[in-house]
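Coordinates from final_20.tsv are shown below (TSV, C-alpha atoms).
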chain	number	residue	atom	x	y	z
A	1	ASN	CA	-14.14	-10.49	9.73
A	2	ALA	CA	-10.50	-9.60	10.35
A	3	GLY	CA	-9.20	-6.72	8.33
A	4	VAL	CA	-8.82	-2.97	8.04
A	5	THR	CA	-11.74	-0.70	8.82
A	6	GLN	CA	-11.90	2.94	7.76
A	7	THR	CA	-14.33	5.50	9.09
A	8	PRO	CA	-16.07	7.48	7.79
A	9	LYS	CA	-16.73	6.15	4.28
A	10	PHE	CA	-17.84	9.51	2.90
A	11	ARG	CA	-17.42	13.09	4.04
A	12	VAL	CA	-17.95	16.57	2.66
A	13	LEU	CA	-15.96	19.38	4.26
A	14	LYS	CA	-15.90	23.09	3.75
A	15	THR	CA	-12.57	24.75	3.05
A	16	GLY	CA	-10.80	25.44	6.32
A	17	GLN	CA	-12.60	22.79	8.35
A	18	SER	CA	-10.74	20.04	10.12
A	19	MET	CA	-11.38	16.33	10.40
A	20	THR	CA	-9.83	13.03	11.39
A	21	LEU	CA	-9.97	9.80	9.44
A	22	LEU	CA	-9.71	6.64	11.48
A	23	CYS	CA	-8.08	3.41	10.40
A	24	ALA	CA	-8.37	0.35	12.62
A	25	GLN	CA	-6.85	-3.09	12.05
A	26	ASP	CA	-7.32	-6.23	14.10
A	27	MET	CA	-4.47	-8.32	12.66
A	28	ASN	CA	-1.77	-7.13	15.07
A	29	HIS	CA	0.16	-5.65	12.15
A	30	GLU	CA	3.14	-3.46	12.91
A	31	TYR	CA	3.09	-1.38	9.74
A	32	MET	CA	0.32	0.98	8.69
A	33	TYR	CA	0.02	3.41	5.79
A	34	TRP	CA	-2.19	6.19	4.48
A	35	TYR	CA	-2.49	6.70	0.72
A	36	ARG	CA	-4.53	9.04	-1.39
A	37	GLN	CA	-5.87	8.05	-4.78
A	38	ASP	CA	-6.46	10.60	-7.50
A	39	PRO	CA	-7.45	9.96	-11.13
A	40	GLY	CA	-4.45	9.28	-13.34
A	41	MET	CA	-2.03	9.46	-10.42
A	42	GLY	CA	-2.38	6.07	-8.81
A	43	LEU	CA	-1.92	5.84	-5.07
A	44	ARG	CA	0.49	8.17	-3.35
A	45	LEU	CA	1.82	7.62	0.15
A	46	ILE	CA	0.94	10.36	2.62
A	47	HIS	CA	2.33	9.07	5.93
A	48	TYR	CA	3.19	5.73	7.39
A	49	SER	CA	4.03	4.06	10.69
A	50	VAL	CA	6.38	1.20	11.44
A	51	GLY	CA	5.04	0.62	14.93
A	52	GLU	CA	3.09	2.04	17.83
A	53	GLY	CA	4.20	5.56	18.65
A	54	THR	CA	6.07	6.06	15.36
A	55	THR	CA	5.15	7.99	12.23
A	56	ALA	CA	7.02	9.10	9.12
A	57	LYS	CA	6.38	11.19	6.04
A	58	GLY	CA	5.62	9.71	2.66
A	59	GLU	CA	5.55	11.29	-0.79
A	60	VAL	CA	2.78	13.86	-0.19
A	61	PRO	CA	2.64	14.70	3.54
A	62	ASP	CA	1.88	18.44	3.37
A	63	GLY	CA	-1.44	19.43	4.93
A	64	TYR	CA	-1.80	16.17	6.85
A	65	ASN	CA	-0.84	14.91	10.27
A	66	VAL	CA	-0.99	11.42	11.71
A	67	SER	CA	-0.85	9.65	15.03
A	68	ARG	CA	-0.36	6.03	16.09
A	69	LEU	CA	-1.03	6.03	19.81
A	70	LYS	CA	-2.31	2.44	19.76
A	71	LYS	CA	-0.95	-0.33	17.59
A	72	GLN	CA	-4.32	-1.08	16.03
A	73	ASN	CA	-5.23	2.51	15.11
A	74	PHE	CA	-3.73	4.97	12.65
A	75	LEU	CA	-5.35	8.40	12.47
A	76	LEU	CA	-5.04	10.85	9.60
A	77	GLY	CA	-5.84	14.47	10.35
A	78	LEU	CA	-6.56	17.43	8.15
A	79	GLU	CA	-6.16	20.62	10.17
A	80	SER	CA	-7.45	23.05	7.55
A	81	ALA	CA	-8.98	21.31	4.58
A	82	ALA	CA	-8.33	22.58	1.06
A	83	PRO	CA	-10.06	21.66	-2.23
A	84	SER	CA	-6.78	20.04	-3.35
A	85	GLN	CA	-7.35	17.44	-0.63
A	86	THR	CA	-10.48	16.15	-2.35
A	87	SER	CA	-9.56	12.53	-2.92
A	88	VAL	CA	-10.17	8.94	-1.95
A	89	TYR	CA	-8.09	7.95	1.04
A	90	PHE	CA	-6.98	4.39	1.65
A	91	CYS	CA	-5.44	2.92	4.74
A	92	ALA	CA	-3.38	-0.25	4.58
A	93	SER	CA	-1.63	-2.47	7.07
A	94	PHE	CA	1.16	-4.98	6.71
A	95	GLY	CA	2.46	-7.81	8.82
A	96	GLN	CA	5.85	-9.40	8.23
A	97	GLY	CA	5.56	-12.68	6.42
A	98	ASN	CA	2.42	-11.63	4.56
A	99	TYR	CA	4.19	-9.84	1.67
A	100	GLY	CA	1.03	-7.99	0.85
A	101	TYR	CA	-0.93	-5.07	2.19
A	102	THR	CA	-4.42	-5.40	3.53
A	103	PHE	CA	-6.40	-2.37	2.41
A	104	GLY	CA	-9.40	-0.69	3.91
A	105	SER	CA	-12.39	0.10	1.72
A	106	GLY	CA	-11.54	3.79	1.47
A	107	THR	CA	-12.87	7.19	2.50
A	108	ARG	CA	-14.18	9.50	-0.19
A	109	LEU	CA	-13.53	13.08	0.90
A	110	THR	CA	-14.82	16.15	-0.90
A	111	VAL	CA	-13.66	19.61	0.13
A	112	VAL	CA	-15.84	22.45	-1.19
B	113	ALA	CA	14.76	4.99	-4.85
B	114	GLN	CA	11.97	3.01	-6.44
B	115	SER	CA	9.48	3.74	-9.18
B	116	VAL	CA	6.90	2.00	-11.31
B	117	THR	CA	5.77	2.74	-14.84
B	118	GLN	CA	2.59	1.27	-16.23
B	119	LEU	CA	2.39	1.61	-19.98
B	120	GLY	CA	-1.10	2.41	-21.19
B	121	SER	CA	-3.61	4.08	-18.92
B	122	HIS	CA	-6.45	2.39	-20.83
B	123	VAL	CA	-6.42	-1.02	-22.47
B	124	SER	CA	-9.32	-2.60	-24.38
B	125	VAL	CA	-9.54	-6.26	-25.29
B	126	SER	CA	-12.28	-8.45	-26.68
B	127	GLU	CA	-13.83	-11.11	-24.49
B	128	GLY	CA	-11.76	-14.26	-24.86
B	129	ALA	CA	-8.65	-12.43	-26.03
B	130	LEU	CA	-5.29	-12.27	-24.30
B	131	VAL	CA	-4.89	-9.66	-21.60
B	132	LEU	CA	-1.45	-8.04	-21.31
B	133	LEU	CA	-0.88	-5.19	-18.88
B	134	ARG	CA	2.64	-3.80	-18.78
B	135	CYS	CA	4.66	-2.82	-15.73
B	136	ASN	CA	8.28	-1.75	-15.55
B	137	TYR	CA	10.01	-0.95	-12.31
B	138	SER	CA	13.13	0.66	-10.97
B	139	SER	CA	14.61	-0.38	-7.67
B	140	SER	CA	18.00	-0.03	-5.98
B	141	VAL	CA	17.29	-3.09	-3.81
B	142	PRO	CA	15.87	-6.49	-4.69
B	143	PRO	CA	12.24	-5.72	-5.33
B	144	TYR	CA	9.03	-7.22	-4.18
B	145	LEU	CA	6.43	-6.74	-6.89
B	146	PHE	CA	2.66	-6.78	-6.75
B	147	TRP	CA	-0.41	-6.47	-8.90
B	148	TYR	CA	-3.63	-5.19	-7.39
B	149	VAL	CA	-7.08	-4.94	-8.91
B	150	GLN	CA	-9.69	-2.30	-8.06
B	151	TYR	CA	-13.32	-2.69	-9.08
B	152	PRO	CA	-15.46	0.45	-9.23
B	153	ASN	CA	-16.01	2.09	-5.88
B	154	GLN	CA	-14.11	-0.60	-4.05
B	155	GLY	CA	-10.76	-1.00	-2.35
B	156	LEU	CA	-7.71	-2.75	-3.74
B	157	GLN	CA	-7.44	-6.52	-3.88
B	158	LEU	CA	-4.16	-8.37	-4.23
B	159	LEU	CA	-3.97	-10.35	-7.47
B	160	LEU	CA	-0.48	-11.75	-7.12
B	161	LYS	CA	2.95	-11.02	-5.73
B	162	TYR	CA	6.59	-11.78	-6.43
B	163	THR	CA	9.03	-11.88	-3.55
B	164	THR	CA	11.78	-14.41	-4.27
B	165	GLY	CA	12.07	-17.75	-6.01
B	166	ALA	CA	10.04	-18.72	-9.05
B	167	THR	CA	9.82	-15.86	-11.51
B	168	LEU	CA	6.46	-16.91	-12.96
B	169	VAL	CA	3.81	-16.10	-10.42
B	170	LYS	CA	0.23	-17.28	-10.57
B	171	GLY	CA	-2.53	-15.33	-8.94
B	172	ILE	CA	-6.27	-15.30	-8.55
B	173	ASN	CA	-8.82	-15.25	-11.35
B	174	GLY	CA	-6.43	-16.85	-13.86
B	175	PHE	CA	-3.90	-14.03	-13.89
B	176	GLU	CA	-0.16	-14.53	-13.87
B	177	ALA	CA	2.94	-12.36	-14.10
B	178	GLU	CA	6.58	-13.00	-14.88
B	179	PHE	CA	9.44	-11.23	-13.14
B	180	LYS	CA	12.17	-10.44	-15.66
B	181	LYS	CA	15.11	-8.87	-13.91
B	182	SER	CA	17.03	-8.18	-17.11
B	183	GLU	CA	14.10	-6.21	-18.49
B	184	THR	CA	13.01	-4.77	-15.10
B	185	SER	CA	9.50	-5.86	-15.98
B	186	PHE	CA	6.58	-7.54	-14.27
B	187	HIS	CA	3.85	-7.75	-16.89
B	188	LEU	CA	0.43	-9.14	-16.02
B	189	THR	CA	-1.26	-11.60	-18.37
B	190	LYS	CA	-4.40	-13.66	-18.65
B	191	PRO	CA	-4.99	-16.02	-21.59
B	192	SER	CA	-8.69	-15.28	-22.03
B	193	ALA	CA	-10.45	-12.14	-20.87
B	194	HIS	CA	-13.83	-12.25	-19.17
B	195	MET	CA	-16.28	-9.41	-18.85
B	196	SER	CA	-15.77	-9.57	-15.09
B	197	ASP	CA	-12.10	-8.62	-15.54
B	198	ALA	CA	-13.06	-5.03	-16.36
B	199	ALA	CA	-11.42	-3.01	-13.60
B	200	GLU	CA	-8.39	-0.87	-12.86
B	201	TYR	CA	-5.10	-2.62	-12.27
B	202	PHE	CA	-2.17	-1.30	-10.29
B	203	CYS	CA	1.40	-2.50	-10.25
B	204	ALA	CA	3.46	-1.79	-7.13
B	205	VAL	CA	7.06	-2.21	-6.02
B	206	SER	CA	8.42	-2.50	-2.52
B	207	GLY	CA	11.81	-3.01	-0.98
B	208	GLY	CA	13.60	-2.13	2.20
B	209	GLY	CA	12.67	-2.34	5.82
B	210	THR	CA	9.70	0.01	5.87
B	211	TYR	CA	7.74	-2.08	3.32
B	212	LYS	CA	6.48	1.05	1.60
B	213	TYR	CA	4.78	0.39	-1.69
B	214	ILE	CA	5.26	2.64	-4.69
B	215	PHE	CA	2.30	2.31	-7.03
B	216	GLY	CA	2.03	2.86	-10.73
B	217	THR	CA	-0.61	5.19	-12.11
B	218	GLY	CA	-2.91	2.32	-13.02
B	219	THR	CA	-4.31	0.73	-16.17
B	220	ARG	CA	-8.02	0.63	-16.74
B	221	LEU	CA	-9.01	-2.56	-18.53
B	222	LYS	CA	-12.11	-2.60	-20.68
B	223	VAL	CA	-13.47	-5.91	-21.98
B	224	LEU	CA	-15.54	-5.73	-25.15
B	225	ALA	CA	-18.34	-8.20	-25.84
Any chance you could put this one into structure tokens?
Amino acid sequence: NAGVTQTPKFRVLKTGQSMTLLCAQDMNHEYMYWYRQDPGMGLRLIHYSVGEGTTAKGEVPDGYNVSRLKKQNFLLGLESAAPSQTSVYFCASFGQGNYGYTFGSGTRLTVV
Amino acid sequence: AQSVTQLGSHVSVSEGALVLLRCNYSSSVPPYLFWYVQYPNQGLQLLLKYTTGATLVKGINGFEAEFKKSETSFHLTKPSAHMSDAAEYFCAVSGGGTYKYIFGTGTRLKVLA
């Protein structure tokens, strides 16, 4: 089915380790976003991309990096994981004319 | 700048009663407004959206919302709650060329038998 796929779905990291979360969409959408969801705080935008080769900072970008080398993929990297980065991460994509994000199913990350 | 305020982090209603979830927004540009629902351990699903035109918007599962510019509100309603409506609901605002969404902090709806 067409949509947004996030991998992995679950991950446990030790403090200081690095990892990359992958978001892939097959809808030819230009815009892609990474959010984190924490209890009582809703979803907060980490980074976003308005097209292949572009990235920009959102509300809470510190500690994260992103890349959009291919239009269909948006990678979120943690260079040195911290317990404060324990969260559920959602990727979303958007195509003009849709007026609504398509969300992935999320990645639950625990940093110990 | 844009922001969203959802009044009430937890709302309980009896099955069959009216559901009213409140959302107020702030936006310096004409807003697009959305309600999303999240069931436990799942992603977010679009319930309904307002872009332009008719201010009363109907969505899935019997939900609707009314855009009131004068009150900067976009409250979500459903005439009769079902047990299956128990979930967390998020209001979001967007505007401008990057289509970034700003989400509220969410309202968890509990439906009592």
Taking 2 positions as the minimum chain separation for residues in the same chain, which residues sit within 12 Å of region 167-179 of chain B when counting only C-alpha atoms? Answer as a CSV table (one decimal) with C-alpha atoms, in the coordinates of the input.
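The result, stored in result_30.csv:
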chain,number,residue,atom,x,y,z
B,130,LEU,CA,-5.3,-12.3,-24.3
B,131,VAL,CA,-4.9,-9.7,-21.6
B,132,LEU,CA,-1.4,-8.0,-21.3
B,133,LEU,CA,-0.9,-5.2,-18.9
B,134,ARG,CA,2.6,-3.8,-18.8
B,135,CYS,CA,4.7,-2.8,-15.7
B,136,ASN,CA,8.3,-1.8,-15.6
B,137,TYR,CA,10.0,-1.0,-12.3
B,142,PRO,CA,15.9,-6.5,-4.7
B,143,PRO,CA,12.2,-5.7,-5.3
B,144,TYR,CA,9.0,-7.2,-4.2
B,145,LEU,CA,6.4,-6.7,-6.9
B,146,PHE,CA,2.7,-6.8,-6.8
B,147,TRP,CA,-0.4,-6.5,-8.9
B,148,TYR,CA,-3.6,-5.2,-7.4
B,149,VAL,CA,-7.1,-4.9,-8.9
B,157,GLN,CA,-7.4,-6.5,-3.9
B,158,LEU,CA,-4.2,-8.4,-4.2
B,159,LEU,CA,-4.0,-10.4,-7.5
B,160,LEU,CA,-0.5,-11.8,-7.1
B,161,LYS,CA,3.0,-11.0,-5.7
B,162,TYR,CA,6.6,-11.8,-6.4
B,163,THR,CA,9.0,-11.9,-3.6
B,164,THR,CA,11.8,-14.4,-4.3
B,165,GLY,CA,12.1,-17.8,-6.0
B,181,LYS,CA,15.1,-8.9,-13.9
B,182,SER,CA,17.0,-8.2,-17.1
B,183,GLU,CA,14.1,-6.2,-18.5
B,184,THR,CA,13.0,-4.8,-15.1
B,185,SER,CA,9.5,-5.9,-16.0
B,186,PHE,CA,6.6,-7.5,-14.3
B,187,HIS,CA,3.8,-7.8,-16.9
B,188,LEU,CA,0.4,-9.1,-16.0
B,189,THR,CA,-1.3,-11.6,-18.4
B,190,LYS,CA,-4.4,-13.7,-18.6
B,191,PRO,CA,-5.0,-16.0,-21.6
B,192,SER,CA,-8.7,-15.3,-22.0
B,193,ALA,CA,-10.4,-12.1,-20.9
B,194,HIS,CA,-13.8,-12.2,-19.2
B,196,SER,CA,-15.8,-9.6,-15.1
B,197,ASP,CA,-12.1,-8.6,-15.5
B,201,TYR,CA,-5.1,-2.6,-12.3
B,203,CYS,CA,1.4,-2.5,-10.2
B,205,VAL,CA,7.1,-2.2,-6.0
Kindly provide, as a ChimeraX atom specification, the residues of chain B having any atom no farther than 8 Å from an atom of chain A, counting all atoms listed in the file. /B:121,146,154-158,161,163,202,210-211,214-218
Who sits within 9 Å of Leu109 (chain A), all atoms listed in the file, same chain under 2 positions skipped, as a ChimeraX atom specification: /A:9-13,85-89,107,111
Using only C-alpha atoms, which protein or nucleic acid residues come within 12 Å of Ser67 (chain A)? Drop anything in the same chain fewer than 5 positions from it, and give the result as a tab-separated table (two decimals) with C-alpha atoms, in the frame of the given file.
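Listing of selection.tsv after writing:
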chain	number	residue	atom	x	y	z
A	20	THR	CA	-9.83	13.03	11.39
A	21	LEU	CA	-9.97	9.80	9.44
A	22	LEU	CA	-9.71	6.64	11.48
A	23	CYS	CA	-8.08	3.41	10.40
A	32	MET	CA	0.32	0.98	8.69
A	33	TYR	CA	0.02	3.41	5.79
A	34	TRP	CA	-2.19	6.19	4.48
A	47	HIS	CA	2.33	9.07	5.93
A	48	TYR	CA	3.19	5.73	7.39
A	49	SER	CA	4.03	4.06	10.69
A	50	VAL	CA	6.38	1.20	11.44
A	51	GLY	CA	5.04	0.62	14.93
A	52	GLU	CA	3.09	2.04	17.83
A	53	GLY	CA	4.20	5.56	18.65
A	54	THR	CA	6.07	6.06	15.36
A	55	THR	CA	5.15	7.99	12.23
A	56	ALA	CA	7.02	9.10	9.12
A	57	LYS	CA	6.38	11.19	6.04
A	72	GLN	CA	-4.32	-1.08	16.03
A	73	ASN	CA	-5.23	2.51	15.11
A	74	PHE	CA	-3.73	4.97	12.65
A	75	LEU	CA	-5.35	8.40	12.47
A	76	LEU	CA	-5.04	10.85	9.60
A	77	GLY	CA	-5.84	14.47	10.35
A	78	LEU	CA	-6.56	17.43	8.15
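Pairwise distance (CA of Lys222 (chain B), CA of Pro152 (chain B)) equals 12.3 Å.
Rounded to one decimal, CA of Asp62 (chain A) and CA of Glu30 (chain A) lie 23.9 Å from each other.
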Please measure the separation of CA of Gly208 (chain B) and CA of Ser138 (chain B), giving the value in Å to one decimal. 13.5 Å
Using all atoms of region 138-152 of chain B listed in the file and a margin of 8 Å per side, can you give the axis-aligned box centre and edge lengths in Å to one decimal, as lines of an AutoDock Vina configuration file?
center_x = 1.3
center_y = -3.3
center_z = -7.4
size_x = 49.5
size_y = 23.9
size_z = 23.2
